[in-house]
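Raw start-v2.json, JSON, C-alpha atoms:
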[["chain", "number", "residue", "atom", "x", "y", "z"],
["M", 1, "ALA", "CA", 105.42, 106.23, 112.58],
["M", 2, "GLU", "CA", 102.26, 107.41, 110.89],
["M", 3, "THR", "CA", 102.82, 109.59, 107.83],
["M", 4, "ARG", "CA", 101.58, 113.15, 108.28],
["M", 5, "LEU", "CA", 101.09, 115.32, 105.21],
["M", 6, "PRO", "CA", 102.04, 118.96, 105.87],
["M", 7, "THR", "CA", 99.44, 121.58, 105.05],
["M", 8, "PRO", "CA", 100.46, 125.17, 104.25],
["M", 9, "PRO", "CA", 98.53, 128.12, 105.71],
["M", 10, "LEU", "CA", 95.55, 128.88, 103.52],
["M", 11, "ASP", "CA", 93.99, 132.20, 102.52],
["M", 12, "GLY", "CA", 93.12, 134.36, 105.46],
["M", 13, "GLU", "CA", 95.69, 132.78, 107.75],
["M", 14, "HIS", "CA", 98.29, 135.41, 108.65],
["M", 15, "GLY", "CA", 97.89, 136.97, 105.21],
["M", 16, "ALA", "CA", 99.52, 133.99, 103.52],
["M", 17, "LEU", "CA", 99.13, 133.21, 99.84],
["M", 18, "SER", "CA", 97.74, 136.64, 99.02],
["M", 19, "GLU", "CA", 99.40, 136.69, 95.61],
["M", 20, "THR", "CA", 98.14, 134.14, 93.07],
["M", 21, "HIS", "CA", 101.56, 133.24, 91.70],
["M", 22, "ASN", "CA", 103.11, 132.75, 95.10],
["M", 23, "ARG", "CA", 100.04, 130.88, 96.20],
["M", 24, "ILE", "CA", 100.24, 128.32, 93.36],
["M", 25, "ALA", "CA", 104.00, 127.92, 93.77],
["M", 26, "LEU", "CA", 103.59, 127.14, 97.47],
["M", 27, "LEU", "CA", 100.76, 124.69, 96.83],
["M", 28, "GLU", "CA", 102.79, 122.91, 94.16],
["M", 29, "GLY", "CA", 105.68, 122.63, 96.61],
["M", 30, "THR", "CA", 103.28, 121.06, 99.10],
["M", 31, "LEU", "CA", 102.07, 118.61, 96.45],
["M", 32, "LEU", "CA", 105.64, 117.56, 95.69],
["M", 33, "THR", "CA", 106.23, 116.92, 99.40],
["M", 34, "TRP", "CA", 103.08, 114.79, 99.57],
["M", 35, "LYS", "CA", 104.16, 112.90, 96.48],
["M", 36, "LYS", "CA", 107.54, 112.07, 98.02],
["M", 37, "GLN", "CA", 105.93, 110.96, 101.30],
["M", 38, "ILE", "CA", 103.38, 108.72, 99.58],
["M", 39, "LYS", "CA", 106.04, 107.18, 97.34],
["M", 40, "ASN", "CA", 108.16, 106.40, 100.39],
["M", 41, "VAL", "CA", 105.25, 104.47, 101.89],
["M", 42, "LEU", "CA", 104.47, 102.63, 98.65],
["M", 43, "GLN", "CA", 108.11, 101.62, 98.19],
["M", 44, "GLN", "CA", 108.39, 99.93, 101.58],
["M", 45, "ASP", "CA", 109.23, 96.26, 101.04],
["M", 46, "PRO", "CA", 107.77, 93.44, 103.18],
["M", 47, "GLU", "CA", 110.84, 91.36, 102.29],
["M", 48, "ALA", "CA", 113.35, 94.01, 103.39],
["M", 49, "GLN", "CA", 114.49, 92.22, 106.55],
["M", 50, "LEU", "CA", 114.80, 88.88, 104.75],
["M", 51, "LYS", "CA", 116.92, 90.50, 102.04],
["M", 52, "LEU", "CA", 119.17, 91.98, 104.72],
["M", 53, "GLY", "CA", 119.68, 88.53, 106.24],
["M", 54, "LEU", "CA", 118.06, 89.47, 109.55],
["M", 55, "ASN", "CA", 116.01, 86.24, 109.73],
["M", 56, "PRO", "CA", 112.68, 87.80, 110.83],
["M", 57, "THR", "CA", 109.81, 85.74, 112.24],
["M", 58, "PRO", "CA", 106.16, 85.82, 111.01],
["M", 59, "ASP", "CA", 105.11, 88.56, 113.42],
["M", 60, "THR", "CA", 107.32, 90.86, 111.31],
["M", 61, "GLU", "CA", 105.18, 90.13, 108.24],
["M", 62, "ILE", "CA", 101.94, 90.76, 110.13],
["M", 63, "SER", "CA", 103.33, 93.95, 111.68],
["M", 64, "PHE", "CA", 104.46, 95.21, 108.26],
["M", 65, "TRP", "CA", 100.97, 94.96, 106.78],
["M", 66, "LYS", "CA", 99.36, 96.53, 109.84],
["M", 67, "THR", "CA", 101.75, 99.49, 109.66],
["M", 68, "ARG", "CA", 101.27, 99.82, 105.91],
["M", 69, "ALA", "CA", 97.47, 99.74, 106.24],
["M", 70, "ASN", "CA", 97.49, 102.34, 109.04],
["M", 71, "ASN", "CA", 99.77, 104.60, 107.02],
["M", 72, "LEU", "CA", 97.78, 104.39, 103.80],
["M", 73, "ASN", "CA", 94.44, 104.77, 105.62],
["M", 74, "SER", "CA", 95.80, 107.87, 107.35],
["M", 75, "ILE", "CA", 97.06, 109.33, 104.07],
["M", 76, "SER", "CA", 93.66, 108.71, 102.47],
["M", 77, "GLU", "CA", 91.86, 110.44, 105.35],
["M", 78, "GLN", "CA", 94.25, 113.40, 105.23],
["M", 79, "LEU", "CA", 93.83, 113.84, 101.47],
["M", 80, "SER", "CA", 90.05, 113.76, 101.96],
["M", 81, "SER", "CA", 90.12, 116.51, 104.59],
["M", 82, "LYS", "CA", 88.57, 119.85, 103.67],
["M", 83, "PRO", "CA", 91.83, 121.91, 103.75],
["M", 84, "ASN", "CA", 93.68, 119.41, 101.55],
["M", 85, "ARG", "CA", 90.77, 119.14, 99.12],
["M", 86, "ARG", "CA", 90.92, 122.93, 98.77],
["M", 87, "ILE", "CA", 94.62, 122.69, 97.88],
["M", 88, "LEU", "CA", 94.00, 120.02, 95.23],
["M", 89, "ARG", "CA", 91.04, 121.96, 93.83],
["M", 90, "ALA", "CA", 93.05, 125.18, 93.61],
["M", 91, "LEU", "CA", 95.79, 123.41, 91.65],
["M", 92, "GLU", "CA", 93.24, 121.86, 89.29],
["M", 93, "ILE", "CA", 91.71, 125.27, 88.60],
["M", 94, "ALA", "CA", 95.19, 126.68, 87.98],
["M", 95, "LYS", "CA", 95.82, 123.75, 85.59],
["M", 96, "SER", "CA", 98.99, 122.79, 87.43],
["M", 97, "THR", "CA", 101.13, 120.31, 85.52],
["M", 98, "TYR", "CA", 101.64, 118.33, 88.76],
["M", 99, "CYS", "CA", 97.99, 117.32, 89.10],
["M", 100, "THR", "CA", 97.98, 114.46, 86.57],
["M", 101, "ASP", "CA", 100.96, 112.66, 88.11],
["M", 102, "PHE", "CA", 99.60, 113.15, 91.60],
["M", 103, "SER", "CA", 96.19, 111.75, 90.60],
["M", 104, "LYS", "CA", 97.93, 108.67, 89.21],
["M", 105, "LEU", "CA", 99.90, 108.27, 92.45],
["M", 106, "CYS", "CA", 96.70, 108.56, 94.48],
["M", 107, "ARG", "CA", 95.16, 105.73, 92.46],
["M", 108, "GLU", "CA", 98.22, 103.59, 93.22],
["M", 109, "ALA", "CA", 97.92, 104.47, 96.90],
["M", 110, "ARG", "CA", 94.22, 103.51, 96.95],
["M", 111, "LYS", "CA", 95.03, 100.17, 95.34],
["M", 112, "ALA", "CA", 97.86, 99.55, 97.84],
["M", 113, "ARG", "CA", 95.58, 100.57, 100.72],
["M", 114, "ASP", "CA", 92.93, 98.04, 99.65],
["M", 115, "GLU", "CA", 95.59, 95.33, 99.44],
["M", 116, "ALA", "CA", 97.02, 96.17, 102.87],
["M", 117, "ASN", "CA", 93.61, 96.29, 104.56],
["M", 118, "ASP", "CA", 92.63, 92.96, 102.99],
["M", 119, "ASN", "CA", 95.91, 91.35, 104.04],
["M", 120, "VAL", "CA", 95.55, 92.60, 107.62],
["M", 121, "LYS", "CA", 92.02, 91.21, 107.83],
["M", 122, "TYR", "CA", 93.19, 87.71, 106.90],
["M", 123, "LEU", "CA", 96.57, 87.73, 108.66],
["M", 124, "GLN", "CA", 94.85, 88.54, 111.96],
["M", 125, "THR", "CA", 93.57, 84.95, 111.92],
["M", 126, "LEU", "CA", 97.19, 83.77, 112.18],
["M", 127, "GLU", "CA", 98.27, 86.03, 115.04],
["M", 128, "LYS", "CA", 97.50, 83.71, 117.96],
["M", 129, "TRP", "CA", 99.20, 80.80, 116.20],
["M", 130, "MET", "CA", 102.30, 82.88, 115.49],
["M", 131, "ARG", "CA", 102.52, 83.83, 119.16],
["M", 132, "LYS", "CA", 102.44, 80.13, 120.03],
["M", 133, "LEU", "CA", 105.04, 79.39, 117.36],
["M", 134, "ASN", "CA", 107.38, 81.97, 118.89],
["M", 135, "GLU", "CA", 106.65, 81.28, 122.57],
["M", 136, "ASP", "CA", 105.50, 77.69, 123.18],
["M", 137, "ASP", "CA", 107.89, 74.98, 124.34],
["M", 138, "VAL", "CA", 109.59, 73.13, 121.49],
["M", 139, "GLU", "CA", 107.94, 69.82, 122.36],
["M", 140, "ASN", "CA", 104.51, 71.46, 121.88],
["M", 141, "LEU", "CA", 105.22, 72.99, 118.46],
["M", 142, "THR", "CA", 104.22, 69.98, 116.37],
["M", 143, "ALA", "CA", 100.64, 70.32, 117.65],
["M", 144, "ILE", "CA", 100.27, 73.81, 116.14],
["M", 145, "PHE", "CA", 101.76, 73.18, 112.70],
["M", 146, "LYS", "CA", 98.52, 71.73, 111.34],
["M", 147, "PRO", "CA", 96.22, 74.62, 112.43],
["M", 148, "ILE", "CA", 98.81, 77.12, 111.14],
["M", 149, "MET", "CA", 98.96, 75.48, 107.70],
["M", 150, "HIS", "CA", 95.19, 75.03, 107.60],
["M", 151, "THR", "CA", 94.67, 78.73, 108.33],
["M", 152, "LEU", "CA", 97.27, 79.63, 105.72],
["M", 153, "MET", "CA", 95.45, 77.46, 103.18],
["M", 154, "LEU", "CA", 92.13, 79.20, 103.93],
["M", 155, "ILE", "CA", 93.80, 82.61, 103.57],
["M", 156, "TRP", "CA", 95.26, 81.48, 100.23],
["M", 157, "LYS", "CA", 91.85, 80.28, 99.12],
["M", 158, "HIS", "CA", 89.69, 83.23, 100.17],
["M", 159, "SER", "CA", 91.84, 86.38, 100.29],
["M", 160, "THR", "CA", 92.00, 88.77, 97.38],
["M", 161, "HIS", "CA", 95.71, 89.56, 97.61],
["M", 162, "TYR", "CA", 97.50, 87.21, 100.03],
["M", 163, "ASN", "CA", 97.58, 84.31, 97.59],
["M", 164, "THR", "CA", 100.72, 84.86, 95.51],
["M", 165, "PRO", "CA", 104.03, 82.94, 95.53],
["M", 166, "ASN", "CA", 105.90, 85.96, 96.95],
["M", 167, "ARG", "CA", 103.63, 86.19, 99.99],
["M", 168, "LEU", "CA", 103.79, 82.44, 100.64],
["M", 169, "VAL", "CA", 107.58, 82.35, 100.35],
["M", 170, "VAL", "CA", 107.96, 85.18, 102.88],
["M", 171, "MET", "CA", 105.53, 83.60, 105.36],
["M", 172, "ILE", "CA", 107.02, 80.08, 105.19],
["M", 173, "ARG", "CA", 110.60, 81.35, 105.40],
["M", 174, "GLU", "CA", 109.72, 83.42, 108.46],
["M", 175, "MET", "CA", 107.98, 80.42, 110.03],
["M", 176, "CYS", "CA", 111.17, 78.44, 109.44],
["M", 177, "ASN", "CA", 113.06, 81.18, 111.27],
["M", 178, "SER", "CA", 110.72, 80.78, 114.25],
["M", 179, "VAL", "CA", 111.28, 77.02, 114.31],
["M", 180, "ILE", "CA", 115.06, 77.53, 114.18],
["M", 181, "ASP", "CA", 114.99, 80.21, 116.91],
["M", 182, "GLN", "CA", 112.91, 77.98, 119.17],
["M", 183, "SER", "CA", 115.22, 75.02, 118.54],
["M", 184, "CYS", "CA", 118.33, 77.06, 119.36],
["M", 185, "ARG", "CA", 116.76, 78.30, 122.59],
["M", 186, "PHE", "CA", 115.88, 74.71, 123.49],
["M", 187, "ILE", "CA", 119.37, 73.32, 122.93],
["M", 188, "SER", "CA", 122.31, 75.45, 121.84],
["M", 189, "GLY", "CA", 125.69, 74.24, 120.64],
["M", 190, "GLU", "CA", 127.21, 75.39, 123.92],
["M", 191, "GLN", "CA", 124.65, 73.36, 125.90],
["M", 192, "ILE", "CA", 125.32, 70.26, 123.79],
["M", 193, "PHE", "CA", 129.06, 70.34, 124.44],
["M", 194, "LEU", "CA", 128.45, 71.06, 128.13],
["M", 195, "LEU", "CA", 126.29, 67.93, 128.33],
["M", 196, "ILE", "CA", 129.01, 65.92, 126.57],
["M", 197, "GLU", "CA", 131.64, 67.29, 128.94],
["M", 198, "ASN", "CA", 129.47, 66.25, 131.91],
["M", 199, "GLU", "CA", 129.12, 62.75, 130.45],
["M", 200, "GLU", "CA", 125.45, 63.40, 129.60],
["M", 201, "ALA", "CA", 125.83, 62.81, 125.85],
["M", 202, "ASN", "CA", 122.69, 60.66, 125.79],
["M", 203, "SER", "CA", 120.67, 63.65, 126.97],
["M", 204, "ALA", "CA", 122.23, 65.73, 124.18],
["M", 205, "VAL", "CA", 121.16, 63.08, 121.66],
["M", 206, "ASP", "CA", 117.59, 63.19, 122.98],
["M", 207, "HIS", "CA", 117.48, 66.99, 122.66],
["M", 208, "ILE", "CA", 118.90, 67.02, 119.13],
["M", 209, "THR", "CA", 116.56, 64.21, 118.05],
["M", 210, "LEU", "CA", 113.56, 66.16, 119.34],
["M", 211, "VAL", "CA", 114.66, 69.25, 117.40],
["M", 212, "LEU", "CA", 115.06, 67.18, 114.22],
["M", 213, "ASN", "CA", 111.60, 65.66, 114.71],
["M", 214, "VAL", "CA", 110.07, 69.14, 115.11],
["M", 215, "CYS", "CA", 111.79, 70.44, 111.96],
["M", 216, "GLY", "CA", 110.75, 67.36, 110.01],
["M", 217, "SER", "CA", 107.17, 67.66, 111.25],
["M", 218, "PHE", "CA", 106.99, 71.27, 110.06],
["M", 219, "LYS", "CA", 108.13, 70.36, 106.55],
["M", 220, "ASN", "CA", 105.85, 67.31, 106.37],
["M", 221, "THR", "CA", 102.85, 69.39, 107.44],
["M", 222, "TYR", "CA", 103.63, 71.91, 104.70],
["M", 223, "PHE", "CA", 103.80, 69.15, 102.06],
["M", 224, "ASP", "CA", 100.50, 67.67, 103.31],
["M", 225, "TYR", "CA", 98.80, 71.02, 102.85],
["M", 226, "LYS", "CA", 100.52, 71.62, 99.54],
["M", 227, "SER", "CA", 98.65, 68.54, 98.30],
["M", 228, "LYS", "CA", 95.40, 69.80, 99.81],
["M", 229, "VAL", "CA", 95.82, 73.18, 98.10],
["M", 230, "SER", "CA", 96.27, 71.36, 94.78],
["M", 231, "ASN", "CA", 92.77, 69.95, 95.26],
["M", 232, "GLU", "CA", 91.18, 73.03, 96.83],
["M", 233, "CYS", "CA", 92.75, 75.59, 94.46],
["M", 234, "PRO", "CA", 93.69, 73.78, 91.23],
["M", 235, "GLY", "CA", 94.12, 77.10, 89.44],
["M", 236, "ASN", "CA", 96.48, 78.53, 92.07],
["M", 237, "GLN", "CA", 98.61, 75.82, 93.63],
["M", 238, "TRP", "CA", 101.65, 76.09, 95.89],
["M", 239, "CYS", "CA", 104.07, 75.66, 93.00],
["M", 240, "ILE", "CA", 107.23, 76.90, 94.68],
["M", 241, "GLN", "CA", 110.64, 75.23, 94.72],
["M", 242, "ASN", "CA", 111.48, 73.76, 98.11],
["M", 243, "GLY", "CA", 114.84, 75.54, 98.18],
["M", 244, "ALA", "CA", 113.11, 78.93, 98.11],
["M", 245, "LEU", "CA", 111.11, 77.95, 101.20],
["M", 246, "PHE", "CA", 113.34, 75.71, 103.27],
["M", 247, "GLY", "CA", 116.89, 76.75, 102.34],
["M", 248, "ARG", "CA", 117.85, 77.97, 105.80],
["M", 249, "LEU", "CA", 115.88, 75.27, 107.64],
["M", 250, "ASP", "CA", 117.52, 72.52, 105.57],
["M", 251, "CYS", "CA", 120.97, 73.91, 106.39],
["M", 252, "PHE", "CA", 120.02, 73.91, 110.07],
["M", 253, "ILE", "CA", 118.77, 70.32, 109.83],
["M", 254, "ASP", "CA", 122.04, 69.26, 108.18],
["M", 255, "ARG", "CA", 124.05, 70.87, 110.97],
["M", 256, "CYS", "CA", 121.89, 69.11, 113.57],
["M", 257, "HIS", "CA", 122.57, 65.76, 111.87],
["M", 258, "ASP", "CA", 126.30, 66.51, 111.90],
["M", 259, "VAL", "CA", 126.22, 67.29, 115.63],
["M", 260, "LEU", "CA", 124.06, 64.21, 116.26],
["M", 261, "ASP", "CA", 126.57, 61.98, 114.45],
["M", 262, "LEU", "CA", 129.41, 63.54, 116.43],
["M", 263, "THR", "CA", 127.58, 63.02, 119.72],
["M", 264, "ASN", "CA", 126.76, 59.39, 118.90],
["M", 265, "THR", "CA", 130.41, 58.80, 118.01],
["M", 266, "ILE", "CA", 131.48, 60.26, 121.35],
["M", 267, "ILE", "CA", 129.04, 57.92, 123.10],
["M", 268, "GLN", "CA", 130.53, 54.91, 121.29],
["M", 269, "PHE", "CA", 134.07, 55.90, 122.21],
["M", 270, "SER", "CA", 133.07, 56.50, 125.82],
["M", 271, "LYS", "CA", 131.77, 52.93, 125.95],
["M", 272, "LEU", "CA", 135.14, 51.65, 124.76],
["M", 273, "SER", "CA", 136.88, 53.49, 127.59],
["M", 274, "LYS", "CA", 134.87, 51.44, 130.06],
["M", 275, "VAL", "CA", 135.58, 48.04, 128.51],
["M", 276, "GLU", "CA", 137.42, 45.59, 130.79],
["M", 277, "ILE", "CA", 139.10, 42.56, 129.22],
["M", 278, "GLY", "CA", 139.13, 39.31, 131.17],
["M", 279, "GLY", "CA", 141.73, 36.59, 131.36],
["M", 280, "THR", "CA", 145.26, 36.39, 132.75],
["M", 281, "LYS", "CA", 146.40, 39.32, 130.62],
["M", 282, "GLY", "CA", 143.15, 41.20, 130.97],
["M", 283, "PHE", "CA", 144.43, 43.93, 133.25],
["M", 284, "THR", "CA", 147.39, 44.67, 130.96],
["M", 285, "LEU", "CA", 145.22, 44.74, 127.83],
["M", 286, "THR", "CA", 142.57, 46.89, 129.48],
["M", 287, "SER", "CA", 145.24, 49.36, 130.54]]

This entry written out as structure tokens:
Amino acid sequence: AETRLPTPPLDGEHGALSETHNRIALLEGTLLTWKKQIKNVLQQDPEAQLKLGLNPTPDTEISFWKTRANNLNSISEQLSSKPNRRILRALEIAKSTYCTDFSKLCREARKARDEANDNVKYLQTLEKWMRKLNEDDVENLTAIFKPIMHTLMLIWKHSTHYNTPNRLVVMIREMCNSVIDQSCRFISGEQIFLLIENEEANSAVDHITLVLNVCGSFKNTYFDYKSKVSNECPGNQWCIQNGALFGRLDCFIDRCHDVLDLTNTIIQFSKLSKVEIGGTKGFTLTS
């Protein structure tokens, strides 16, 4: 929800603030409320859902910066309004001790607003690709990895703020979450064992193999563009440990390999159950 800064009744409104002392005390109370509200906005963390283990997808990152930009733009407009300027001016004239800290906080808010607006401008170029990443069929995902990484490289190269390791780690981890979510919707553990039970283990192998190919393609595309960034931005490369980016995806890939091995083993044993031995004792041995 958009942050709204409360404004007390000013002089002439229902006789409020008629006494100077009471007037300044009320305005200082208002300033403290504003300070708390602005700090709450500034302290919001784009990595909050990742830290809570909620496995968000990239639309969460884009939505965070849009919300943050809207909030900070609204706060800036409200502080620039005539009634609120009168409050700040009155406290300056009264030499309120709260003015210096609030001015410093406003500078921080302006800096954060510029960052949020800049990030939104560049992240908008990723929105259509993130929708495809979250909604397209699994077999079509490999076709969008390259444009996604290319756009991310251009953002890294040209944006003022969205070119730090923290931002890249969040975006890649959330992309990994999308790939995992899509893979699980395509073939779940329950579906795999149902296929095995129905003697369709070969179909299960095909599904798991496709998922592994998609996951591998995503990582390979990242590494291709990591090399390109080294050439395009030699002073600001993608120097991030793979574990920080692909920890969850690698665990998922390992589990898929385990299930694939199990399924292939089941297929081999099912072949043995159909073996018929020839010869005079063939029937006995087969049994």

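Distance check against Tyr225 of chain M using only C-alpha atoms: of M:Ile24, M:Leu154, M:Val120, M:Val138, the minimum falls on M:Leu154.
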
Could you check the closest approach to Cys256 of chain M for each of M:Asp206, M:Glu108, M:Glu174, M:Glu232 and tell me which residue wins, using all atoms listed in the file? M:Asp206

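Atom CA of Ala143 of chain M to atom CA of Val214 of chain M spans 9.8 Å [interatomic distance, one decimal].
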
Do you know which residues are at most 9 Å from Glu115 of chain M counting only C-alpha atoms, after dropping those on the same chain fewer than 2 positions away, and could you put them as a list in words? Ala69, Arg110, Lys111, Ala112, Arg113, Asn117, Asp118, Asn119, Val120, Thr160, His161 and Tyr162 of chain M

Sel. within 12 Å of pt (129.2, 75.4, 116.2), counting all atoms listed in the file, output as an mmCIF file with C-alpha atoms, in the frame of the given file:
data_model
loop_
_atom_site.group_PDB
_atom_site.id
_atom_site.type_symbol
_atom_site.label_atom_id
_atom_site.label_comp_id
_atom_site.auth_asym_id
_atom_site.auth_seq_id
_atom_site.Cartn_x
_atom_site.Cartn_y
_atom_site.Cartn_z
ATOM 1 C CA CYS M 184 118.330 77.060 119.360
ATOM 2 C CA SER M 188 122.310 75.450 121.840
ATOM 3 C CA GLY M 189 125.690 74.240 120.640
ATOM 4 C CA GLU M 190 127.210 75.390 123.920
ATOM 5 C CA GLN M 191 124.650 73.360 125.900
ATOM 6 C CA ILE M 192 125.320 70.260 123.790
ATOM 7 C CA PHE M 193 129.060 70.340 124.440
ATOM 8 C CA PHE M 252 120.020 73.910 110.070
ATOM 9 C CA ARG M 255 124.050 70.870 110.970
ATOM 10 C CA CYS M 256 121.890 69.110 113.570
ATOM 11 C CA ASP M 258 126.300 66.510 111.900
ATOM 12 C CA VAL M 259 126.220 67.290 115.630
ATOM 13 C CA LEU M 262 129.410 63.540 116.430
#

Give me the residues near Tyr98 of chain M as a compact mmCIF listing (two decimals) with C-alpha atoms, keeping the file's coordinate frame, where near means some atom within 8 Å (using only C-alpha atoms) and where sequence neighbours in that chain fewer than 3 positions away do not count.
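Writing done, so here's out.txt:
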# COMPACT_ATOMS: atom_id res chain seq x y z
CA GLU M 28 102.79 122.91 94.16
CA LEU M 31 102.07 118.61 96.45
CA ASP M 101 100.96 112.66 88.11
CA PHE M 102 99.60 113.15 91.60

Neighbours of Val211 of chain M within 10 Å (all atoms listed in the file; same-chain residues fewer than 6 positions away dropped), as JSON, numbers by chain? {"M": [138, 139, 179, 180, 182, 183, 184, 186, 187, 205, 217, 253, 256]}

Just want the 10 Å neighbourhood of Glu2 of chain M, counted on only C-alpha atoms, with same-chain residues fewer than 6 positions away dropped. Output as a PDB file with C-alpha atoms, in the frame of the given file.
ATOM      1  CA  VAL M  41     105.250 104.470 101.890  1.00  0.00           C
ATOM      2  CA  THR M  67     101.750  99.490 109.660  1.00  0.00           C
ATOM      3  CA  ARG M  68     101.270  99.820 105.910  1.00  0.00           C
ATOM      4  CA  ASN M  70      97.490 102.340 109.040  1.00  0.00           C
ATOM      5  CA  ASN M  71      99.770 104.600 107.020  1.00  0.00           C
ATOM      6  CA  LEU M  72      97.780 104.390 103.800  1.00  0.00           C
ATOM      7  CA  ASN M  73      94.440 104.770 105.620  1.00  0.00           C
ATOM      8  CA  SER M  74      95.800 107.870 107.350  1.00  0.00           C
ATOM      9  CA  ILE M  75      97.060 109.330 104.070  1.00  0.00           C
TER      10      ILE M  75
END

Write out as JSON lines the residues of segment 27-53 of chain M that have any atom within 12 Å of an atom of segment 85-94 of chain M, one row each with the nearest atom pair and its distance in Å to one decimal, counting all atoms listed in the file, sorted by chain and then rising number.
{"residue": "M:Leu27", "atom": "CA", "partner": "M:Ile87", "partner_atom": "CA", "distance": 6.5}
{"residue": "M:Glu28", "atom": "CA", "partner": "M:Leu91", "partner_atom": "CA", "distance": 7.5}
{"residue": "M:Gly29", "atom": "CA", "partner": "M:Leu91", "partner_atom": "CA", "distance": 11.1}
{"residue": "M:Thr30", "atom": "CA", "partner": "M:Ile87", "partner_atom": "CA", "distance": 8.9}
{"residue": "M:Leu31", "atom": "CA", "partner": "M:Leu88", "partner_atom": "CA", "distance": 8.3}
{"residue": "M:Leu32", "atom": "CA", "partner": "M:Leu88", "partner_atom": "CA", "distance": 11.9}
{"residue": "M:Trp34", "atom": "CA", "partner": "M:Leu88", "partner_atom": "CA", "distance": 11.3}

With a distance cut-off of 10 Å and only C-alpha atoms, select the neighbouring residues of Met171 of chain M, excluding the residue or stretch itself and same-chain residues fewer than 5 positions from it, and output the selection as an mmCIF file with C-alpha atoms, in the frame of the given file.
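Final file, around_2.cif:
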data_model
loop_
_atom_site.group_PDB
_atom_site.id
_atom_site.type_symbol
_atom_site.label_atom_id
_atom_site.label_comp_id
_atom_site.auth_asym_id
_atom_site.auth_seq_id
_atom_site.Cartn_x
_atom_site.Cartn_y
_atom_site.Cartn_z
ATOM 1 C CA GLU M 47 110.840 91.360 102.290
ATOM 2 C CA PRO M 56 112.680 87.800 110.830
ATOM 3 C CA THR M 57 109.810 85.740 112.240
ATOM 4 C CA PRO M 58 106.160 85.820 111.010
ATOM 5 C CA ASP M 59 105.110 88.560 113.420
ATOM 6 C CA THR M 60 107.320 90.860 111.310
ATOM 7 C CA GLU M 61 105.180 90.130 108.240
ATOM 8 C CA ILE M 62 101.940 90.760 110.130
ATOM 9 C CA LEU M 152 97.270 79.630 105.720
ATOM 10 C CA PRO M 165 104.030 82.940 95.530
ATOM 11 C CA ASN M 166 105.900 85.960 96.950
ATOM 12 C CA CYS M 176 111.170 78.440 109.440
ATOM 13 C CA ASN M 177 113.060 81.180 111.270
ATOM 14 C CA LEU M 245 111.110 77.950 101.200
#

One decimal place gives the atom CA of Glu127 of chain M-atom CA of Glu77 of chain M separation as 27.0 Å

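Close to (100.3, 109.6, 98.0), meaning no more than 7 Å away when counting all atoms listed in the file, sit the residues Trp34, Lys35, Gln37, Ile38, Lys39, Ile75, Leu105, Cys106 and Ala109 of chain M.
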
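Take atom CA of Asn202 of chain M and atom CA of Phe218 of chain M: the distance between them is 24.6 Å.
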
Under the rule that only C-alpha atoms are counted, which of M:Lys121, M:Lys271, M:Lys66, M:Lys51 is the nearest residue to Ala201 of chain M? M:Lys271

Segment 78-86 of chain M rebuilt with N, CA, C and O atoms, output as a PDB file, keeping the file's coordinate frame:
ATOM      1  N   GLN M  78      93.683 112.048 105.290  1.00  0.00           N
ATOM      2  CA  GLN M  78      94.250 113.400 105.230  1.00  0.00           C
ATOM      3  C   GLN M  78      93.970 114.055 103.871  1.00  0.00           C
ATOM      4  O   GLN M  78      93.636 115.243 103.797  1.00  0.00           O
ATOM      5  N   LEU M  79      94.089 113.280 102.798  1.00  0.00           N
ATOM      6  CA  LEU M  79      93.830 113.840 101.470  1.00  0.00           C
ATOM      7  C   LEU M  79      92.352 114.175 101.292  1.00  0.00           C
ATOM      8  O   LEU M  79      91.997 115.039 100.481  1.00  0.00           O
ATOM      9  N   SER M  80      91.490 113.507 102.059  1.00  0.00           N
ATOM     10  CA  SER M  80      90.050 113.760 101.960  1.00  0.00           C
ATOM     11  C   SER M  80      89.591 114.902 102.859  1.00  0.00           C
ATOM     12  O   SER M  80      88.425 115.303 102.812  1.00  0.00           O
ATOM     13  N   SER M  81      90.500 115.423 103.686  1.00  0.00           N
ATOM     14  CA  SER M  81      90.120 116.510 104.590  1.00  0.00           C
ATOM     15  C   SER M  81      89.824 117.780 103.796  1.00  0.00           C
ATOM     16  O   SER M  81      90.323 117.984 102.683  1.00  0.00           O
ATOM     17  N   LYS M  82      88.999 118.640 104.375  1.00  0.00           N
ATOM     18  CA  LYS M  82      88.570 119.850 103.670  1.00  0.00           C
ATOM     19  C   LYS M  82      89.728 120.761 103.264  1.00  0.00           C
ATOM     20  O   LYS M  82      89.796 121.202 102.110  1.00  0.00           O
ATOM     21  N   PRO M  83      90.708 121.042 104.154  1.00  0.00           N
ATOM     22  CA  PRO M  83      91.830 121.910 103.750  1.00  0.00           C
ATOM     23  C   PRO M  83      92.630 121.330 102.579  1.00  0.00           C
ATOM     24  O   PRO M  83      93.009 122.064 101.664  1.00  0.00           O
ATOM     25  N   ASN M  84      92.878 120.013 102.619  1.00  0.00           N
ATOM     26  CA  ASN M  84      93.680 119.410 101.550  1.00  0.00           C
ATOM     27  C   ASN M  84      92.902 119.301 100.246  1.00  0.00           C
ATOM     28  O   ASN M  84      93.485 119.401  99.152  1.00  0.00           O
ATOM     29  N   ARG M  85      91.588 119.125 100.345  1.00  0.00           N
ATOM     30  CA  ARG M  85      90.770 119.140  99.120  1.00  0.00           C
ATOM     31  C   ARG M  85      90.805 120.519  98.480  1.00  0.00           C
ATOM     32  O   ARG M  85      90.813 120.642  97.253  1.00  0.00           O
ATOM     33  N   ARG M  86      90.845 121.559  99.303  1.00  0.00           N
ATOM     34  CA  ARG M  86      90.920 122.930  98.770  1.00  0.00           C
ATOM     35  C   ARG M  86      92.236 123.141  98.006  1.00  0.00           C
ATOM     36  O   ARG M  86      92.261 123.783  96.954  1.00  0.00           O
TER      37      ARG M  86
END
